[in-house]
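Novice: Hey, dropping run_19.txt in here, compact mmCIF, C-alpha atoms:
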# COMPACT_ATOMS: atom_id res chain seq x y z
CA MET A 270 66.92 23.52 26.97
CA GLY A 271 65.71 20.77 24.58
CA VAL A 272 67.64 17.64 23.72
CA ARG A 273 69.89 18.08 20.71
CA VAL A 274 69.07 15.50 18.03
CA CYS A 275 71.86 14.28 15.80
CA ASP A 276 70.87 12.60 12.53
CA GLU A 277 73.20 10.42 10.44
CA GLN A 278 74.53 13.22 8.24
CA GLN A 279 75.44 15.37 11.25
CA TRP A 280 77.01 12.36 12.96
CA LEU A 281 79.16 11.55 9.91
CA GLN A 282 80.34 15.16 9.77
CA GLN A 283 81.30 14.95 13.45
CA GLN A 284 83.23 11.75 12.79
CA HIS A 285 85.15 13.35 9.94
CA SER A 286 85.88 16.44 12.00
CA SER A 287 87.16 14.51 15.00
CA SER A 288 89.19 11.79 13.28
CA GLY A 289 89.31 12.59 9.61
CA GLN A 290 87.60 9.28 8.81
CA PRO A 291 84.14 7.88 9.56
CA GLU A 292 83.81 5.08 12.07
CA VAL A 293 84.70 1.64 10.72
CA GLU A 294 81.60 -0.38 9.88
CA MET A 295 81.49 -3.61 11.90
CA ASP A 296 78.64 -6.08 11.50
CA GLU A 297 78.53 -6.77 15.25
CA PRO A 298 79.95 -4.76 18.16
CA VAL A 299 82.56 -6.56 20.21
CA GLY A 300 81.43 -7.49 23.73
CA GLU A 301 83.37 -8.41 26.83
CA ALA A 302 84.57 -11.99 26.84
CA GLY A 303 82.51 -14.18 29.17
CA GLY A 304 80.19 -11.34 30.21
CA SER A 305 76.41 -11.48 29.98
CA ARG A 306 74.75 -9.14 27.51
CA PRO A 307 72.40 -6.61 29.18
CA ASP A 308 68.93 -5.97 27.79
CA THR A 309 69.50 -2.97 25.54
CA VAL A 310 68.36 -1.69 22.17
CA ALA A 311 71.35 -3.52 20.69
CA SER A 312 70.42 -6.85 22.28
CA ARG A 313 66.76 -6.49 21.30
CA CYS A 314 67.84 -5.71 17.73
CA ALA A 315 70.12 -8.76 17.67
CA VAL A 316 67.38 -11.13 18.86
CA ARG A 317 64.83 -9.71 16.44
CA ARG A 318 67.25 -9.85 13.50
CA GLU A 319 67.85 -13.53 14.19
CA GLN A 320 64.10 -14.19 14.36
CA LEU A 321 63.62 -12.49 10.98
CA GLY A 322 66.72 -14.06 9.44
CA LEU A 323 68.33 -10.70 8.66
CA THR A 324 71.94 -9.57 8.95
CA LYS A 325 72.83 -6.22 10.48
CA GLY A 326 73.80 -5.00 7.01
CA GLU A 327 70.39 -5.95 5.59
CA VAL A 328 68.60 -4.20 8.45
CA ALA A 329 70.70 -1.06 7.96
CA ARG A 330 70.00 -0.95 4.23
CA ARG A 331 66.25 -1.42 4.70
CA ALA A 332 66.23 1.31 7.35
CA GLY A 333 68.14 3.68 5.05
CA MET A 334 71.29 4.02 7.15
CA SER A 335 74.86 2.77 7.32
CA VAL A 336 75.89 -0.10 9.58
CA ALA A 337 78.17 2.32 11.42
CA TYR A 338 75.25 4.62 12.17
CA LEU A 339 73.10 1.63 13.18
CA ASN A 340 75.83 0.67 15.68
CA ARG A 341 75.76 4.26 16.99
CA LEU A 342 71.96 4.35 17.10
CA GLU A 343 71.84 1.19 19.21
CA THR A 344 73.75 2.92 22.02
CA LEU A 345 70.84 5.37 22.47
CA SER A 346 72.92 8.31 23.62
CA ASP A 347 71.36 11.66 24.56
CA ASP A 348 71.47 12.88 20.98
CA PHE A 349 69.96 9.76 19.36
CA ASP A 350 67.80 10.17 16.25
CA PRO A 351 64.13 9.26 16.98
CA ALA A 352 63.18 9.21 13.29
CA ALA A 353 65.94 6.72 12.52
CA LEU A 354 64.89 4.57 15.47
CA MET A 355 61.32 4.55 14.13
CA ARG A 356 62.59 3.35 10.75
CA LEU A 357 64.60 0.66 12.49
CA ALA A 358 61.56 -0.47 14.50
CA SER A 359 59.52 -0.68 11.30
CA VAL A 360 62.13 -2.86 9.60
CA LEU A 361 62.25 -5.14 12.65
CA GLU A 362 58.42 -5.23 12.77
CA MET A 363 58.39 -3.90 16.34
CA SER A 364 56.76 -0.94 18.00
CA TYR A 365 58.96 2.07 18.75
CA GLU A 366 58.36 1.62 22.49
CA ALA A 367 59.21 -2.09 22.48
CA LEU A 368 62.49 -1.44 20.65
CA ARG A 369 63.55 1.47 22.82
CA GLN A 370 62.43 0.28 26.26
CA GLY A 371 61.50 -3.39 25.92
CA ARG A 372 58.04 -4.89 26.15
CA TYR A 373 55.96 -3.70 29.08
CA ASP A 374 54.36 -7.18 29.21
CA ALA A 375 57.59 -9.17 28.99
CA ALA A 376 57.93 -12.48 30.81
CA PRO A 377 59.31 -12.34 34.37
CA GLY A 378 63.06 -12.45 34.80
CA GLN A 379 64.13 -9.38 32.84
CA ARG A 380 66.60 -8.20 35.48
CA GLU A 381 70.08 -9.61 35.91
CA ALA A 382 70.54 -12.19 38.67
CA LEU A 383 71.73 -10.72 41.96
CA SER A 384 75.00 -11.72 43.59
CA HIS A 385 75.37 -14.92 45.63
CA PRO A 386 71.97 -16.56 45.05
CA GLN A 387 71.11 -19.51 47.29
CA LEU A 388 68.96 -22.38 46.00
CA ALA A 389 67.13 -24.44 48.64
CA ARG A 390 64.43 -27.10 48.71
CA LEU A 391 61.01 -26.47 50.18
CA SER A 392 59.34 -29.01 52.44
CA GLU A 393 55.94 -30.33 51.38
CA ASP A 394 54.24 -28.15 53.97
CA GLU A 395 56.15 -25.10 52.74
CA CYS A 396 55.00 -25.93 49.20
CA TRP A 397 51.34 -25.89 50.21
CA GLN A 398 51.88 -22.65 52.08
CA ARG A 399 53.38 -21.06 48.96
CA LEU A 400 50.44 -22.18 46.80
CA GLY A 401 48.01 -20.44 49.15
CA THR A 402 44.33 -20.75 48.22
CA HIS A 403 44.22 -20.03 44.50
CA GLY A 404 46.09 -18.50 41.57
CA VAL A 405 47.36 -19.20 38.07
CA GLY A 406 49.61 -22.18 37.44
CA ARG A 407 50.45 -24.58 34.64
CA ILE A 408 49.27 -28.09 33.82
CA ALA A 409 51.67 -30.42 31.99
CA VAL A 410 50.20 -33.34 30.08
CA GLY A 411 51.37 -35.76 27.42
CA GLY A 412 50.47 -34.81 23.85
CA ASP A 413 50.18 -36.63 20.56
CA GLU A 414 53.48 -35.21 19.31
CA ALA A 415 55.07 -33.63 22.40
CA PRO A 416 54.21 -32.76 26.01
CA ALA A 417 51.95 -29.73 26.42
CA VAL A 418 52.14 -27.14 29.21
CA LEU A 419 49.17 -24.80 29.54
CA PRO A 420 48.13 -22.14 32.08
CA VAL A 421 45.07 -22.68 34.27
CA ASN A 422 43.34 -20.98 37.16
CA PHE A 423 43.67 -23.27 40.16
CA LEU A 424 42.26 -23.70 43.64
CA VAL A 425 43.96 -25.47 46.53
CA ASP A 426 41.49 -27.91 48.08
CA GLY A 427 42.96 -29.58 51.15
CA LEU A 428 46.12 -31.32 49.99
CA SER A 429 45.19 -31.27 46.32
CA VAL A 430 44.93 -28.84 43.42
CA VAL A 431 41.76 -28.45 41.34
CA TYR A 432 41.12 -26.64 38.08
CA ARG A 433 38.27 -26.30 35.63
CA THR A 434 38.35 -26.66 31.87
CA GLU A 435 36.30 -27.56 28.83
CA PRO A 436 35.66 -31.25 28.08
CA ASP A 437 37.53 -31.13 24.77
CA SER A 438 40.51 -29.04 25.91
CA ALA A 439 44.12 -30.18 25.97
CA VAL A 440 44.11 -30.30 29.78
CA ALA A 441 40.88 -32.34 30.04
CA VAL A 442 42.88 -35.27 31.36
CA ALA A 443 41.10 -38.63 31.56
CA ASP A 444 40.25 -40.03 34.97
CA ARG A 445 43.40 -41.49 36.59
CA GLY A 446 45.54 -40.03 33.82
CA ALA A 447 49.05 -38.80 34.66
CA LEU A 448 49.71 -35.07 34.86
CA SER A 449 51.80 -32.43 36.61
CA PHE A 450 50.99 -29.02 38.03
CA GLU A 451 53.45 -26.15 38.50
CA ALA A 452 53.16 -22.68 40.01
CA ASP A 453 55.78 -20.09 40.85
CA HIS A 454 56.40 -16.56 42.00
CA ILE A 455 59.27 -14.18 41.27
CA GLU A 456 60.24 -10.96 43.04
CA GLU A 457 62.70 -9.47 40.57
CA SER A 458 63.62 -6.39 42.58
CA ALA A 459 64.51 -8.49 45.64
CA GLY A 460 66.14 -11.30 43.66
CA TRP A 461 64.14 -14.20 45.06
CA GLY A 462 61.43 -16.57 43.92
CA TRP A 463 59.95 -20.00 44.39
CA SER A 464 58.45 -22.82 42.34
CA VAL A 465 56.27 -25.77 43.35
CA LEU A 466 55.73 -28.94 41.32
CA VAL A 467 52.90 -31.37 42.00
CA THR A 468 52.98 -34.68 40.10
CA GLY A 469 50.18 -37.21 40.30
CA THR A 470 46.98 -38.42 38.70
CA ALA A 471 43.77 -36.74 37.61
CA ARG A 472 40.35 -37.39 39.10
CA ARG A 473 37.32 -35.86 37.43
CA ILE A 474 34.98 -34.29 39.97
CA VAL A 475 31.39 -35.37 39.30
CA ASP A 476 29.73 -34.75 42.67
CA ASP A 477 27.35 -31.80 42.20
CA SER A 478 27.72 -30.47 45.75
CA THR A 479 31.51 -30.52 45.49
CA VAL A 480 31.40 -28.72 42.14
CA ALA A 481 29.01 -26.10 43.54
CA SER A 482 31.21 -25.55 46.59
CA LEU A 483 34.33 -25.12 44.44
CA ALA A 484 32.58 -22.82 41.96
CA ALA A 485 31.54 -20.50 44.80
CA ARG A 486 35.10 -19.98 46.03
CA ALA A 487 37.23 -16.89 45.41
CA GLY A 488 39.41 -17.37 42.34
CA ALA A 489 37.12 -19.99 40.78
CA THR A 490 36.15 -17.85 37.76
CA PRO A 491 38.53 -18.68 34.90
CA TRP A 492 40.42 -15.76 33.40
CA ALA A 493 39.89 -17.26 29.93
CA GLY A 494 36.10 -17.04 30.31
CA GLY A 495 33.59 -19.57 29.09
CA ARG A 496 31.60 -22.20 31.02
CA ARG A 497 34.44 -24.67 31.68
CA ASP A 498 32.19 -27.10 33.49
CA LEU A 499 34.71 -29.93 33.81
CA TRP A 500 36.50 -29.89 37.18
CA ILE A 501 39.65 -31.95 37.62
CA ARG A 502 41.49 -32.71 40.82
CA VAL A 503 45.26 -33.25 40.78
CA CYS A 504 45.79 -36.03 43.34
CA PRO A 505 49.45 -35.73 44.37
CA ASP A 506 51.93 -38.56 44.31
CA ARG A 507 54.78 -36.14 44.97
CA VAL A 508 55.02 -32.47 45.97
CA THR A 509 58.36 -30.71 45.64
CA GLY A 510 59.52 -27.11 45.60
CA ARG A 511 62.55 -24.89 45.41
CA ILE A 512 63.29 -21.36 46.50
CA ILE A 513 66.00 -18.94 45.39
CA ARG A 514 67.12 -16.44 47.98
CA THR A 515 69.77 -13.77 48.08
CA PRO A 516 71.37 -12.52 51.30
CA GLY A 517 69.00 -10.13 53.04
CA ALA A 518 66.00 -10.96 50.82
CA ALA A 519 62.59 -11.77 52.27
CA GLY A 520 60.61 -14.88 51.37
How would this structure read if it were set down as structure tokens?

Specialist:
Amino acid sequence: MGVRVCDEQQWLQQQHSSSGQPEVEMDEPVGEAGGSRPDTVASRCAVRREQLGLTKGEVARRAGMSVAYLNRLETLSDDFDPAALMRLASVLEMSYEALRQGRYDAAPGQREALSHPQLARLSEDECWQRLGTHGVGRIAVGGDEAPAVLPVNFLVDGLSVVYRTEPDSAVAVADRGALSFEADHIEESAGWGWSVLVTGTARRIVDDSTVASLAARAGATPWAGGRRDLWIRVCPDRVTGRIIRTPGAAG
């Protein structure tokens, strides 16, 4: 048996039949006091409306529906109206899939935090173990107007981190310039993760044999492409890390 679809006219008729009056139109549904809002169609609509500077009433009018039906549509029950949801997605300048299910490429941390998390510090040796041999991390440098944090492919070389970039890029830090490096990992399903922060100074690598040796290593090819012939070593002054665990989680 197929799913029964209920459009706005049918829904209004059901409301009149059951109560004699249509549902009261409220601009925002009332949530539980002090509770966190789950990631739902309603929450995604609310965030997007704020980004676009629209009220719920304006969104409803542009989508050709009442605010009451928009409130109903956001619950996504079994008899929701796909055509109305498509109109809503168009008004919010989102894809249908992103509105209904959330972005498939969303940033980590979409799940709710698990119960009783435990935050602990990592020793310096544990930090280097977490960083492994290579990966993607972030370089933080001072900017003209504000600090900049940019992703880079990195290699661990002894007790230092190296990365390659273009000579005119934002992370082409001058020799002996101050910078920070950060990398992390999150296991959402298990509720644990770690982060490592390396603060220190930059040293530009100019020795040809060292550059050749680094370039031949696994993970040395930058994801962003291009030549990126400038290699920079992050010489640590301080290495710190933290780990979040939940009872029974690995890591």

Novice: Counting all atoms listed in the file, which of A:Gly495, A:Gly469, A:Gly460, A:Gly333 gets nearest to A:Pro377?

Specialist: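 Answer, going by the shortest atom-to-atom distance: A:Gly460.
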
Novice: Determine the nearest neighbour of A:Ala471 from the options A:Thr402, A:Ser449, A:Thr434, A:Gln379, counting all atoms listed in the file.

Specialist: A:Ser449

Novice: What separation in Å, quoted to one decimal, exists between atom CA of A:Glu343 and atom CA of A:Arg369?

Specialist: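 Atom-to-atom, atom CA of A:Glu343 to atom CA of A:Arg369, that is 9.0 Å.
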
Novice: Grab the atom CA of A:Glu362 to atom CA of A:Arg380 distance for me, in Å with one decimal place.

Specialist: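 Pair atom CA of A:Glu362 / atom CA of A:Arg380 returns 24.3 Å.
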
Novice: Which one is closest to A:Thr470: A:Ala382, A:Leu448, A:Ala358, A:Ala409? Count all atoms listed in the file.

Specialist: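 That would be A:Leu448, the residue with the smallest distance to A:Thr470.
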
Novice: Using all atoms listed in the file, can you tell me which of A:Gly427, A:Gln370, A:Val480, A:His385 comes closest to A:Leu345?

Specialist: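 Looking at the shortest contact to A:Leu345, the residue is A:Gln370.
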
Novice: Within 10 Å of stretch 395-398 of chain A, counting all atoms listed in the file, which residues show up once you throw out same-chain ones fewer than 3 positions away? Write them as a VMD selection string, please.

Specialist: chain A and resid 390 to 392 401 to 402 425 427 to 430 452 463 to 467 508 to 512

Novice: If I take atom CA of A:Ala375 and atom CA of A:Leu400, how far is one from the other in Å, to one decimal?

Specialist: 23.2 Å

Novice: May I ask which of the residues A:Asp394, A:Val421, A:Pro416, A:Leu368 is the closest one to A:Gly494, counting all atoms listed in the file?

Specialist: A:Val421

Novice: Rank nothing, just name the residue among A:Arg496, A:His403, A:Arg372, A:Arg313 nearest to A:Thr344, using all atoms listed in the file.

Specialist: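 Of the candidates, the smallest distance to A:Thr344 is held by A:Arg313.
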
Novice: Put a box with edges along x, y and z around all the listed atoms of stretch 319-333 of chain A, pad it by 8 Å on each side, then give me its centre and sizes in Å, one decimal, as lines of an AutoDock Vina configuration file.

Specialist:
center_x = 68.7
center_y = -5.3
center_z = 9.3
size_x = 26.2
size_y = 33.9
size_z = 26.1

Novice: Just want the 12 Å neighbourhood of A:Val442, counted on all atoms listed in the file, with same-chain residues fewer than 5 positions away dropped. Output as a VMD selection string.

Specialist: chain A and resid 408 to 412 417 432 to 437 447 to 449 469 to 474 499 to 503

Novice: Output C-alpha atoms for every residue in that selection, as a short mmCIF file (atom, residue, chain, number, x, y, z; two decimals), in the coordinates of the input.

Specialist:
data_model
loop_
_atom_site.label_atom_id
_atom_site.label_comp_id
_atom_site.auth_asym_id
_atom_site.auth_seq_id
_atom_site.Cartn_x
_atom_site.Cartn_y
_atom_site.Cartn_z
CA ILE A 408 49.27 -28.09 33.82
CA ALA A 409 51.67 -30.42 31.99
CA VAL A 410 50.20 -33.34 30.08
CA GLY A 411 51.37 -35.76 27.42
CA GLY A 412 50.47 -34.81 23.85
CA ALA A 417 51.95 -29.73 26.42
CA TYR A 432 41.12 -26.64 38.08
CA ARG A 433 38.27 -26.30 35.63
CA THR A 434 38.35 -26.66 31.87
CA GLU A 435 36.30 -27.56 28.83
CA PRO A 436 35.66 -31.25 28.08
CA ASP A 437 37.53 -31.13 24.77
CA ALA A 447 49.05 -38.80 34.66
CA LEU A 448 49.71 -35.07 34.86
CA SER A 449 51.80 -32.43 36.61
CA GLY A 469 50.18 -37.21 40.30
CA THR A 470 46.98 -38.42 38.70
CA ALA A 471 43.77 -36.74 37.61
CA ARG A 472 40.35 -37.39 39.10
CA ARG A 473 37.32 -35.86 37.43
CA ILE A 474 34.98 -34.29 39.97
CA LEU A 499 34.71 -29.93 33.81
CA TRP A 500 36.50 -29.89 37.18
CA ILE A 501 39.65 -31.95 37.62
CA ARG A 502 41.49 -32.71 40.82
CA VAL A 503 45.26 -33.25 40.78
#

Novice: Excluding same-chain residues fewer than 4 positions from A:Leu361, what lies within 7 Å of it counting only C-alpha atoms, as a ChimeraX atom specification?

Specialist: /A:317-318,357

Novice: Please output stretch 364-383 of chain A, rebuilt to include N, CA and C atoms, as a short mmCIF file (atom, residue, chain, number, x, y, z; two decimals), keeping the file's coordinate frame.

Specialist:
data_model
loop_
_atom_site.label_atom_id
_atom_site.label_comp_id
_atom_site.auth_asym_id
_atom_site.auth_seq_id
_atom_site.Cartn_x
_atom_site.Cartn_y
_atom_site.Cartn_z
N SER A 364 57.19 -2.29 17.69
CA SER A 364 56.76 -0.94 18.00
C SER A 364 57.98 -0.13 18.45
N TYR A 365 57.88 1.18 18.32
CA TYR A 365 58.96 2.07 18.75
C TYR A 365 59.25 1.87 20.24
N GLU A 366 58.19 1.77 21.04
CA GLU A 366 58.36 1.62 22.49
C GLU A 366 59.03 0.30 22.85
N ALA A 367 58.62 -0.79 22.17
CA ALA A 367 59.21 -2.09 22.48
C ALA A 367 60.69 -2.14 22.13
N LEU A 368 61.08 -1.47 21.03
CA LEU A 368 62.49 -1.44 20.65
C LEU A 368 63.30 -0.60 21.61
N ARG A 369 62.77 0.56 21.99
CA ARG A 369 63.55 1.47 22.82
C ARG A 369 63.61 1.03 24.28
N GLN A 370 62.49 0.54 24.83
CA GLN A 370 62.43 0.28 26.26
C GLN A 370 62.18 -1.18 26.62
N GLY A 371 61.88 -2.03 25.63
CA GLY A 371 61.50 -3.39 25.92
C GLY A 371 60.00 -3.49 26.11
N ARG A 372 59.49 -4.69 26.01
CA ARG A 372 58.04 -4.89 26.15
C ARG A 372 57.61 -4.65 27.59
N TYR A 373 56.50 -3.94 27.73
CA TYR A 373 55.96 -3.70 29.08
C TYR A 373 55.37 -4.99 29.65
N ASP A 374 54.97 -5.93 28.76
CA ASP A 374 54.36 -7.18 29.21
C ASP A 374 55.31 -8.36 29.04
N ALA A 375 56.60 -8.11 29.16
CA ALA A 375 57.59 -9.17 28.99
C ALA A 375 57.46 -10.22 30.10
N ALA A 376 57.94 -11.41 29.82
CA ALA A 376 57.93 -12.48 30.81
C ALA A 376 58.78 -12.10 32.02
N PRO A 377 58.48 -12.64 33.20
CA PRO A 377 59.31 -12.34 34.37
C PRO A 377 60.76 -12.74 34.15
N GLY A 378 61.65 -12.11 34.89
CA GLY A 378 63.06 -12.45 34.80
C GLY A 378 63.85 -11.54 33.89
N GLN A 379 63.43 -10.30 33.72
CA GLN A 379 64.13 -9.38 32.84
C GLN A 379 65.38 -8.80 33.48
N ARG A 380 65.43 -8.76 34.80
CA ARG A 380 66.60 -8.20 35.48
C ARG A 380 67.72 -9.24 35.55
N GLU A 381 68.94 -8.73 35.71
CA GLU A 381 70.08 -9.61 35.91
C GLU A 381 69.99 -10.28 37.29
N ALA A 382 70.52 -11.50 37.38
CA ALA A 382 70.54 -12.19 38.67
C ALA A 382 71.40 -11.42 39.67
N LEU A 383 70.96 -11.39 40.93
CA LEU A 383 71.73 -10.72 41.96
C LEU A 383 72.90 -11.58 42.41
#
